[in-house]
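Listing of model37.csv; format and content: CSV, C-alpha atoms.
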chain,number,residue,atom,x,y,z
A,228,MET,CA,42.0,76.3,0.0
A,229,SER,CA,41.0,74.0,2.8
A,230,LYS,CA,39.1,76.9,4.5
A,231,ASN,CA,36.9,77.2,1.4
A,232,LEU,CA,36.3,73.4,1.4
A,233,LEU,CA,35.4,73.5,5.1
A,234,LEU,CA,32.9,76.3,4.5
A,235,ALA,CA,31.5,74.5,1.5
A,236,ALA,CA,31.1,71.3,3.6
A,237,LEU,CA,29.4,73.3,6.4
A,238,GLY,CA,27.1,74.9,3.9
A,239,LEU,CA,26.1,71.5,2.5
A,240,VAL,CA,25.5,70.1,6.0
A,241,ALA,CA,23.4,73.1,6.9
A,242,GLY,CA,21.5,72.8,3.7
A,243,ALA,CA,20.8,69.1,4.3
A,244,VAL,CA,19.7,69.8,7.9
A,245,ILE,CA,17.2,72.5,6.6
A,246,LEU,CA,15.9,70.1,4.0
A,247,VAL,CA,15.4,67.3,6.6
A,248,ILE,CA,13.7,69.6,9.1
A,249,GLY,CA,11.5,71.0,6.3
A,250,PHE,CA,10.6,67.5,5.1
A,251,LEU,CA,9.7,66.4,8.6
A,252,LEU,CA,7.5,69.5,9.2
A,253,PHE,CA,5.9,69.0,5.8
A,254,ASN,CA,5.3,65.3,6.5
A,255,GLN,CA,3.7,66.1,9.8
A,256,THR,CA,1.0,68.2,8.2
A,257,THR,CA,0.8,66.2,5.0
A,258,LEU,CA,-2.2,63.9,5.1
A,259,HIS,CA,-1.8,60.2,4.3
A,260,GLY,CA,-4.0,58.1,2.1
A,261,THR,CA,-6.4,59.7,-0.4
A,262,GLN,CA,-7.3,63.3,0.2
A,263,ILE,CA,-10.8,64.3,-1.0
A,264,ASP,CA,-10.4,67.9,-2.0
A,265,PRO,CA,-12.8,69.6,-1.8
A,266,PRO,CA,-14.4,67.3,0.9
A,267,LYS,CA,-17.4,65.5,-0.4
A,268,GLU,CA,-20.9,66.1,1.0
A,269,MET,CA,-22.6,62.8,2.0
A,270,ALA,CA,-26.2,62.0,2.3
A,271,ASP,CA,-27.4,61.7,5.9
A,272,PHE,CA,-28.4,58.4,7.3
A,273,THR,CA,-29.9,56.9,10.4
A,274,LEU,CA,-28.7,53.4,11.5
A,275,THR,CA,-29.1,51.5,14.7
A,276,SER,CA,-26.7,51.2,17.7
A,277,ASP,CA,-27.3,49.2,20.8
A,278,SER,CA,-28.3,52.5,22.6
A,279,GLY,CA,-30.8,53.5,19.9
A,280,PRO,CA,-30.9,55.1,16.5
A,281,VAL,CA,-27.9,57.2,15.4
A,282,ARG,CA,-28.2,59.9,12.8
A,283,LEU,CA,-24.9,60.6,11.0
A,284,SER,CA,-25.5,64.4,11.0
A,285,SER,CA,-25.8,64.3,14.8
A,286,LEU,CA,-22.1,63.6,14.9
A,287,ARG,CA,-21.2,66.8,13.2
A,288,GLY,CA,-18.8,69.1,15.1
A,289,LYS,CA,-16.4,66.2,15.5
A,290,LEU,CA,-14.2,64.2,13.2
A,291,VAL,CA,-15.8,60.9,12.3
A,292,VAL,CA,-13.6,57.8,11.6
A,293,MET,CA,-15.8,55.4,9.7
A,294,TYR,CA,-15.0,51.7,9.1
A,295,PHE,CA,-17.1,49.1,7.4
A,296,GLY,CA,-16.5,45.7,8.8
A,297,TYR,CA,-18.2,42.8,10.6
A,298,THR,CA,-17.7,40.9,13.8
A,299,PHE,CA,-17.3,37.5,12.3
A,300,CYS,CA,-14.0,38.7,10.8
A,301,PRO,CA,-11.0,37.5,12.9
A,302,ASP,CA,-8.3,39.3,11.2
A,303,ILE,CA,-8.7,42.6,9.3
A,304,CYS,CA,-11.4,44.2,11.3
A,305,PRO,CA,-9.9,43.7,14.7
A,306,ALA,CA,-6.5,44.8,13.3
A,307,THR,CA,-8.0,48.0,11.9
A,308,LEU,CA,-10.1,48.9,15.0
A,309,SER,CA,-7.1,48.1,17.2
A,310,LYS,CA,-4.9,50.4,15.1
A,311,ILE,CA,-7.4,53.2,15.2
A,312,ASN,CA,-7.6,52.9,18.9
A,313,GLN,CA,-3.8,53.1,19.2
A,314,ALA,CA,-3.8,56.2,17.0
A,315,LEU,CA,-6.4,57.8,19.4
A,316,GLY,CA,-4.1,56.9,22.3
A,317,ARG,CA,-1.3,58.9,20.6
A,318,ILE,CA,-3.2,62.1,20.2
A,319,GLY,CA,-4.1,62.6,23.8
A,320,ALA,CA,-6.8,65.0,24.6
A,321,GLU,CA,-7.7,65.6,21.0
A,322,ALA,CA,-9.1,62.1,20.9
A,323,GLY,CA,-12.2,63.8,22.4
A,324,GLU,CA,-12.7,65.4,19.0
A,325,VAL,CA,-13.0,62.1,17.2
A,326,VAL,CA,-15.9,59.7,17.0
A,327,VAL,CA,-15.1,56.2,15.7
A,328,VAL,CA,-17.9,54.3,14.0
A,329,MET,CA,-18.0,50.8,12.6
A,330,VAL,CA,-20.8,50.1,10.2
A,331,THR,CA,-21.5,46.4,9.7
A,332,VAL,CA,-21.4,44.8,6.3
A,333,ASP,CA,-23.0,41.7,7.8
A,334,PRO,CA,-26.4,43.0,9.1
A,335,GLU,CA,-27.8,39.4,9.2
A,336,ARG,CA,-25.4,38.3,11.9
A,337,ASP,CA,-24.4,41.5,13.5
A,338,THR,CA,-27.2,42.7,15.8
A,339,ALA,CA,-26.9,46.1,17.5
A,340,GLU,CA,-26.0,44.4,20.8
A,341,LYS,CA,-23.4,42.1,19.3
A,342,LEU,CA,-21.8,45.1,17.5
A,343,GLY,CA,-21.8,47.3,20.6
A,344,THR,CA,-20.1,44.7,22.7
A,345,TYR,CA,-17.6,44.0,20.0
A,346,VAL,CA,-16.5,47.6,19.3
A,347,ARG,CA,-16.4,48.6,22.9
A,348,ARG,CA,-13.8,45.9,23.5
A,349,PHE,CA,-11.4,48.1,21.5
A,350,ASN,CA,-12.5,51.4,23.1
A,351,PRO,CA,-15.5,52.1,25.3
A,352,ASN,CA,-16.4,55.1,23.1
A,353,PHE,CA,-16.5,53.3,19.7
A,354,LEU,CA,-19.9,53.1,18.0
A,355,GLY,CA,-21.2,50.1,16.2
A,356,LEU,CA,-24.0,50.6,13.7
A,357,THR,CA,-26.3,48.1,12.0
A,358,GLY,CA,-29.6,48.2,10.1
A,359,SER,CA,-31.7,46.2,7.7
A,360,PRO,CA,-29.8,44.8,4.7
A,361,GLU,CA,-31.3,47.5,2.5
A,362,GLU,CA,-30.3,50.3,4.9
A,363,ILE,CA,-26.7,49.0,5.0
A,364,ALA,CA,-26.6,48.6,1.3
A,365,ALA,CA,-27.7,52.2,0.8
A,366,VAL,CA,-25.1,53.6,3.2
A,367,ALA,CA,-22.3,51.5,1.8
A,368,ARG,CA,-23.2,52.6,-1.7
A,369,GLU,CA,-23.3,56.2,-0.7
A,370,PHE,CA,-19.8,55.9,0.9
A,371,GLY,CA,-18.3,53.9,-2.0
A,372,ILE,CA,-17.8,50.8,0.0
A,373,PHE,CA,-18.0,47.5,-1.8
A,374,TYR,CA,-19.0,44.4,0.1
A,375,GLU,CA,-20.1,40.9,-0.9
A,376,LYS,CA,-21.3,37.9,0.9
A,377,THR,CA,-19.2,34.8,0.0
A,378,GLU,CA,-20.6,31.4,0.8
A,379,VAL,CA,-18.0,28.9,1.9
A,380,SER,CA,-18.3,25.2,2.1
A,381,THR,CA,-16.9,25.1,5.7
A,382,SER,CA,-18.7,25.7,8.9
A,383,ALA,CA,-17.9,29.4,8.6
A,384,GLY,CA,-21.1,29.5,6.5
A,385,TYR,CA,-20.3,32.7,4.7
A,386,LEU,CA,-17.7,35.4,4.9
A,387,VAL,CA,-18.0,38.9,3.7
A,388,ASP,CA,-15.5,40.5,1.3
A,389,HIS,CA,-15.3,44.2,1.9
A,390,THR,CA,-13.4,47.4,1.2
A,391,ALA,CA,-11.1,47.7,4.1
A,392,SER,CA,-10.4,51.5,3.7
A,393,VAL,CA,-11.1,53.8,6.6
A,394,LEU,CA,-13.1,57.0,5.8
A,395,ILE,CA,-12.5,60.2,7.7
A,396,LEU,CA,-15.3,62.8,7.8
A,397,ASP,CA,-14.6,66.3,8.7
A,398,ARG,CA,-16.5,68.3,11.3
A,399,GLU,CA,-19.1,69.2,8.7
A,400,GLY,CA,-19.7,65.5,7.9
A,401,ARG,CA,-18.0,65.5,4.6
A,402,ILE,CA,-15.5,62.9,3.5
A,403,ALA,CA,-12.1,64.5,3.7
A,404,LEU,CA,-9.7,61.6,3.7
A,405,ILE,CA,-9.6,57.9,2.9
A,406,TRP,CA,-7.0,55.7,4.7
A,407,PRO,CA,-5.9,52.6,3.0
A,408,TYR,CA,-5.8,49.3,4.9
A,409,GLY,CA,-2.5,48.9,6.7
A,410,LEU,CA,-1.8,52.6,7.4
A,411,GLU,CA,0.6,52.9,10.3
A,412,THR,CA,-0.8,54.2,13.6
A,413,ALA,CA,1.7,57.1,13.6
A,414,ASP,CA,0.4,58.3,10.3
A,415,MET,CA,-3.2,57.9,11.5
A,416,ALA,CA,-2.4,59.9,14.6
A,417,SER,CA,-0.7,62.6,12.5
A,418,ASP,CA,-3.7,62.9,10.2
A,419,LEU,CA,-6.2,63.1,13.1
A,420,ARG,CA,-4.1,65.9,14.7
A,421,THR,CA,-4.0,67.8,11.4
A,422,LEU,CA,-7.7,67.5,10.7
A,423,ALA,CA,-8.6,68.3,14.3
A,424,LYS,CA,-6.9,71.6,13.9
A,425,ARG,CA,-9.2,72.6,11.0
A,426,ARG,CA,-12.3,74.3,12.3
B,196,MET,CA,32.6,33.4,46.0
B,197,LYS,CA,33.2,36.0,43.3
B,198,ARG,CA,33.9,33.2,40.8
B,199,LEU,CA,30.7,31.5,41.7
B,200,LEU,CA,28.7,34.7,41.2
B,201,LEU,CA,30.3,35.2,37.8
B,202,LEU,CA,29.4,31.6,36.8
B,203,VAL,CA,25.8,32.1,37.9
B,204,VAL,CA,25.5,35.4,35.9
B,205,LEU,CA,27.0,33.8,32.8
B,206,GLY,CA,24.7,30.8,33.3
B,207,ILE,CA,21.7,33.1,33.4
B,208,LEU,CA,22.8,35.0,30.3
B,209,VAL,CA,23.3,31.8,28.4
B,210,LEU,CA,20.0,30.4,29.4
B,211,SER,CA,18.1,33.5,28.6
B,212,ALA,CA,19.8,33.7,25.2
B,213,CYS,CA,18.6,30.1,24.6
B,214,ALA,CA,15.1,31.1,25.8
B,215,THR,CA,14.7,33.9,23.3
B,216,GLN,CA,15.5,31.6,20.4
B,217,ALA,CA,13.7,28.5,21.6
B,218,PRO,CA,10.6,27.6,19.6
B,219,ALA,CA,7.3,27.4,21.4
B,220,ALA,CA,6.8,23.9,20.1
B,221,LYS,CA,8.6,21.4,17.9
B,222,VAL,CA,7.6,18.3,15.9
B,223,GLY,CA,9.9,16.5,13.5
B,224,SER,CA,11.6,19.2,11.5
B,225,ILE,CA,8.8,21.8,12.2
B,226,GLU,CA,9.3,24.5,14.8
B,227,ILE,CA,6.6,26.9,15.9
B,228,LEU,CA,7.7,30.3,16.9
B,229,ASN,CA,6.0,33.2,18.6
B,230,PRO,CA,2.4,31.9,18.5
B,231,TRP,CA,-0.2,34.5,19.6
B,232,VAL,CA,-4.0,34.9,19.5
B,233,ARG,CA,-6.1,38.0,19.5
B,234,PRO,CA,-8.3,38.7,22.5
B,235,ALA,CA,-12.0,38.3,21.9
B,236,GLY,CA,-15.3,37.7,23.7
B,237,ALA,CA,-17.5,34.7,24.2
B,238,ASP,CA,-19.3,33.6,21.0
B,239,GLU,CA,-17.0,35.8,19.0
B,240,ASN,CA,-14.3,34.7,16.5
B,241,THR,CA,-10.6,35.2,16.7
B,242,GLY,CA,-7.4,34.6,14.8
B,243,ALA,CA,-4.2,32.8,15.8
B,244,PHE,CA,-0.9,33.7,14.2
B,245,MET,CA,2.7,32.3,14.3
B,246,VAL,CA,5.9,31.6,12.4
B,247,ILE,CA,6.3,28.0,11.2
B,248,LYS,CA,9.9,27.0,10.5
B,249,ASN,CA,10.9,23.9,8.5
B,250,THR,CA,14.4,22.9,9.2
B,251,GLY,CA,14.1,19.7,7.1
B,252,ASP,CA,14.9,18.9,3.5
B,253,GLN,CA,11.4,18.1,2.5
B,254,ALA,CA,8.5,20.6,2.2
B,255,ASP,CA,5.7,20.1,4.6
B,256,LYS,CA,2.1,21.5,5.0
B,257,LEU,CA,0.0,22.7,7.9
B,258,VAL,CA,-3.3,20.9,7.2
B,259,LYS,CA,-5.3,21.2,10.3
B,260,ALA,CA,-5.6,23.4,13.4
B,261,GLU,CA,-7.7,22.6,16.4
B,262,PHE,CA,-8.6,24.6,19.5
B,263,SER,CA,-10.9,23.1,22.1
B,264,GLY,CA,-12.0,26.6,23.3
B,265,GLY,CA,-13.8,27.3,20.1
B,266,MET,CA,-16.8,25.7,18.3
B,267,MET,CA,-14.9,25.4,15.0
B,268,THR,CA,-11.3,26.0,13.9
B,269,GLU,CA,-10.1,26.4,10.3
B,270,ILE,CA,-7.2,27.7,8.4
B,271,HIS,CA,-7.9,30.9,6.4
B,272,GLU,CA,-6.1,33.2,4.1
B,273,THR,CA,-6.8,36.9,3.8
B,274,LYS,CA,-6.0,38.6,0.5
B,275,MET,CA,-6.4,42.1,-0.8
B,276,VAL,CA,-7.7,42.1,-4.4
B,277,ASP,CA,-8.4,45.5,-6.0
B,278,ASN,CA,-8.7,47.2,-2.6
B,279,VAL,CA,-11.2,44.6,-1.4
B,280,MET,CA,-10.3,42.4,1.5
B,281,LYS,CA,-11.2,38.8,0.8
B,282,MET,CA,-10.9,35.9,3.2
B,283,ALA,CA,-11.3,32.2,2.4
B,284,PRO,CA,-10.7,28.9,4.0
B,285,VAL,CA,-7.7,27.1,2.6
B,286,ASP,CA,-6.8,23.4,2.8
B,287,GLY,CA,-3.4,24.2,4.3
B,288,VAL,CA,-0.3,26.3,4.4
B,289,ASP,CA,2.8,25.1,2.6
B,290,ILE,CA,6.0,25.3,4.6
B,291,PRO,CA,9.0,25.1,2.2
B,292,ALA,CA,12.0,22.9,2.9
B,293,LYS,CA,14.7,24.8,4.9
B,294,GLY,CA,12.2,27.7,4.9
B,295,GLN,CA,9.3,29.1,6.8
B,296,ALA,CA,5.7,30.3,6.5
B,297,GLU,CA,4.2,33.1,8.5
B,298,LEU,CA,0.7,33.2,9.8
B,299,LYS,CA,0.1,37.0,10.3
B,300,PRO,CA,-2.6,39.6,10.2
B,301,GLY,CA,-3.6,40.2,6.6
B,302,SER,CA,-2.4,36.8,5.5
B,303,PHE,CA,-2.8,33.2,6.6
B,304,HIS,CA,-4.2,32.6,10.0
B,305,VAL,CA,-5.9,30.0,12.1
B,306,MET,CA,-9.5,31.1,12.4
B,307,VAL,CA,-11.3,30.2,15.6
B,308,MET,CA,-15.1,30.5,15.4
B,309,GLY,CA,-17.4,30.7,18.4
B,310,LEU,CA,-15.3,31.1,21.4
B,311,MET,CA,-16.7,29.2,24.4
B,312,LYS,CA,-15.6,32.0,26.7
B,313,GLU,CA,-13.8,35.3,26.6
B,314,ILE,CA,-10.0,35.2,26.1
B,315,LYS,CA,-8.1,38.1,27.6
B,316,VAL,CA,-4.7,39.6,27.1
B,317,GLY,CA,-2.3,37.5,29.2
B,318,ASP,CA,-4.3,34.3,28.9
B,319,LYS,CA,-2.6,31.2,27.4
B,320,VAL,CA,-4.5,29.0,25.0
B,321,GLU,CA,-3.5,25.6,23.5
B,322,ILE,CA,-3.8,25.0,19.8
B,323,THR,CA,-3.1,21.7,18.2
B,324,LEU,CA,-1.5,21.8,14.7
B,325,THR,CA,-1.3,18.9,12.3
B,326,PHE,CA,1.3,18.8,9.6
B,327,GLU,CA,1.2,16.5,6.6
B,328,LYS,CA,4.6,15.0,7.3
B,329,ALA,CA,5.7,16.0,10.7
B,330,GLY,CA,2.5,15.0,12.5
B,331,THR,CA,0.7,16.7,15.3
B,332,VAL,CA,1.9,19.2,18.0
B,333,THR,CA,0.2,21.2,20.6
B,334,VAL,CA,1.4,24.7,21.2
B,335,ALA,CA,0.7,27.2,24.0
B,336,ALA,CA,-0.2,30.6,22.4
B,337,GLU,CA,-0.2,33.9,24.2
B,338,VAL,CA,-3.4,36.0,24.0
B,339,ARG,CA,-2.2,39.5,23.1
B,340,ASN,CA,-2.5,42.4,20.7
B,341,PRO,CA,0.1,42.7,18.0

Would it be possible to restate this file's structure as structure tokens?
Amino acid sequence: MSKNLLLAALGLVAGAVILVIGFLLFNQTTLHGTQIDPPKEMADFTLTSDSGPVRLSSLRGKLVVMYFGYTFCPDICPATLSKINQALGRIGAEAGEVVVVMVTVDPERDTAEKLGTYVRRFNPNFLGLTGSPEEIAAVAREFGIFYEKTEVSTSAGYLVDHTASVLILDREGRIALIWPYGLETADMASDLRTLAKRR
Amino acid sequence: MKRLLLLVVLGILVLSACATQAPAAKVGSIEILNPWVRPAGADENTGAFMVIKNTGDQADKLVKAEFSGGMMTEIHETKMVDNVMKMAPVDGVDIPAKGQAELKPGSFHVMVMGLMKEIKVGDKVEITLTFEKAGTVTVAAEVRNP
């Protein structure tokens, strides 16, 4: 009687262990955020960095992590760039397969130089892109990013509301994944590893 | 000799226990805990964050923040509305009686505009906070990443 119970209990434990391991393995290769399947082709663009014009298609071959923000932002944008940088730190050598780009939603205040200095504070390899208000508007529209200048009565002048999601482009320059704001660094790192494996 | 050593060790333990719970600053019933500021460059903006505890029976409100190392300092709130991040200046942050308010990334924060010079991780900066009831207090905030 008790022997059967013991066997049953062991069986349950073994089953539970298998389930947990399976879940963990599955979770590691499961992507977080919104997966775009099949990945979406995006129109090419050329914007300006502090080392000259940058064409999006020239970044193909690597994963592109794209964030739309602005340097006047003291909270969300530094938080996001900091997290992305930490995620890169976690994936070791594979960080070389990833290009991080911040496109400004505040082209009036964010010059190429200002942007470059700002993004490189988080990581010397980060790229900051700006352009004319029309060029930025076209790119944001293409990538489904909303942004809006909001005048304030204080000395801040104006602030810019914006979609805080992070877009991940695969090696062919197609949108493959969208991370929501606030995604944990561990999840970001896991996703980058998974996508980096896809060739 | 052994007894003395034991007393010293105990003393250090007690003191360090007190240190971890001690607020960074206090004024009236208001306590400021764990104040920190993001590192940023000259002419850039940054945010200051902290936990504000109200041990008193009356609600209070943080109405002003000042930092001499920046051109302008305001209190702002970040809110996510329909997947869009919005930030706006607010006239203050309510601190409920026998409660607390948290200034943290993605929520309320002290916004410093136009830093006079770069602030780096490890630096300490002084921020002056004014509360409607408790009055004014200056707190030393650590420059660090979250």

Select residues of chain A: the criterion is any atom within 6 Å of an atom of chain B, counting only C-alpha atoms; output as a VMD selection string. chain A and resid 299 301 to 302 388 to 391

Pick out the residues sitting within 7 Å of segment 310-319 of chain A, and hand them over as a list of chain:residue names; count only C-alpha atoms, and ignore anything fewer than 4 positions along from it in its own chain. A:Ala306, A:Phe349, A:Asn350, A:Thr412, A:Ala413, A:Met415, A:Ala416, A:Arg420

Writing out the chosen residues with C-alpha atoms as a short mmCIF file (atom, residue, chain, number, x, y, z; two decimals), keeping the file's coordinate frame:
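Saved as again-v6.cif:
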data_model
loop_
_atom_site.label_atom_id
_atom_site.label_comp_id
_atom_site.auth_asym_id
_atom_site.auth_seq_id
_atom_site.Cartn_x
_atom_site.Cartn_y
_atom_site.Cartn_z
CA ALA A 306 -6.50 44.80 13.30
CA PHE A 349 -11.40 48.10 21.50
CA ASN A 350 -12.50 51.40 23.10
CA THR A 412 -0.80 54.20 13.60
CA ALA A 413 1.70 57.10 13.60
CA MET A 415 -3.20 57.90 11.50
CA ALA A 416 -2.40 59.90 14.60
CA ARG A 420 -4.10 65.90 14.70
#

So how many Å separate atom CA of Lys267 of chain A and atom CA of Leu404 of chain A, to one decimal? 9.6 Å

Who sits within 6 Å of segment 325-331 of chain A, only C-alpha atoms, same chain under 5 positions skipped, as a list in words: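 So the residues in contact are Lys289, Leu290, Val291, Val292, Met293, Tyr294, Phe295, Gly296, Tyr297, Phe353, Leu354, Gly355, Leu356 and Thr357 of chain A.
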
Judged by only C-alpha atoms, the minimum distance to Ala383 of chain A among A:Cys300, A:Leu274, A:Ile395, A:Leu237 is found for A:Cys300

Interatomic distance between atom CA of Val338 of chain B and atom CA of Asn229 of chain B?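 Spanning atom CA of Val338 of chain B to atom CA of Asn229 of chain B is a straight-line distance of 11.2 Å.
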
Which residue is closest to Lys315 of chain B? Choose from B:Ile290, B:Ala335, B:Val204, B:Ala237 and count only C-alpha atoms.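 For Lys315 of chain B, the nearest of the candidates is B:Ala237.
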
List as a count of residues only the protein and nucleic acid residues near Leu283 of chain A, meaning an atom at most 7 Å away when only C-alpha atoms are counted, but skip any in the same chain fewer than 3 places from it. 4

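The space between atom CA of Asn249 of chain B and atom CA of Thr381 of chain A spans 28.0 Å.
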
Leaving out Ile227 of chain B and any residue of its chain fewer than 5 positions from it, which residues lie within 8 Å of it when counting all atoms listed in the file, given as a ChimeraX atom specification? /B:218-221,245-248,334

Point (-30.0, 48.4, 21.5), cut-off 10 Å, counting only C-alpha atoms, residues as a count of residues only: 12

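Using all atoms listed in the file, the shortest contact distance between Asp418 of chain A and any of A:Val244, A:Ile263, A:Val281, A:Leu258 is found at A:Leu258.
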
Name all residues at most 7 Å from Thr377 of chain A (count all atoms listed in the file; drop same-chain ones fewer than 2 positions away) and give them as a list of chain:residue names.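 Listed by chain and then number, they are A:Glu375, A:Val379, A:Tyr385, A:Leu386, A:Val387, A:Asp388.
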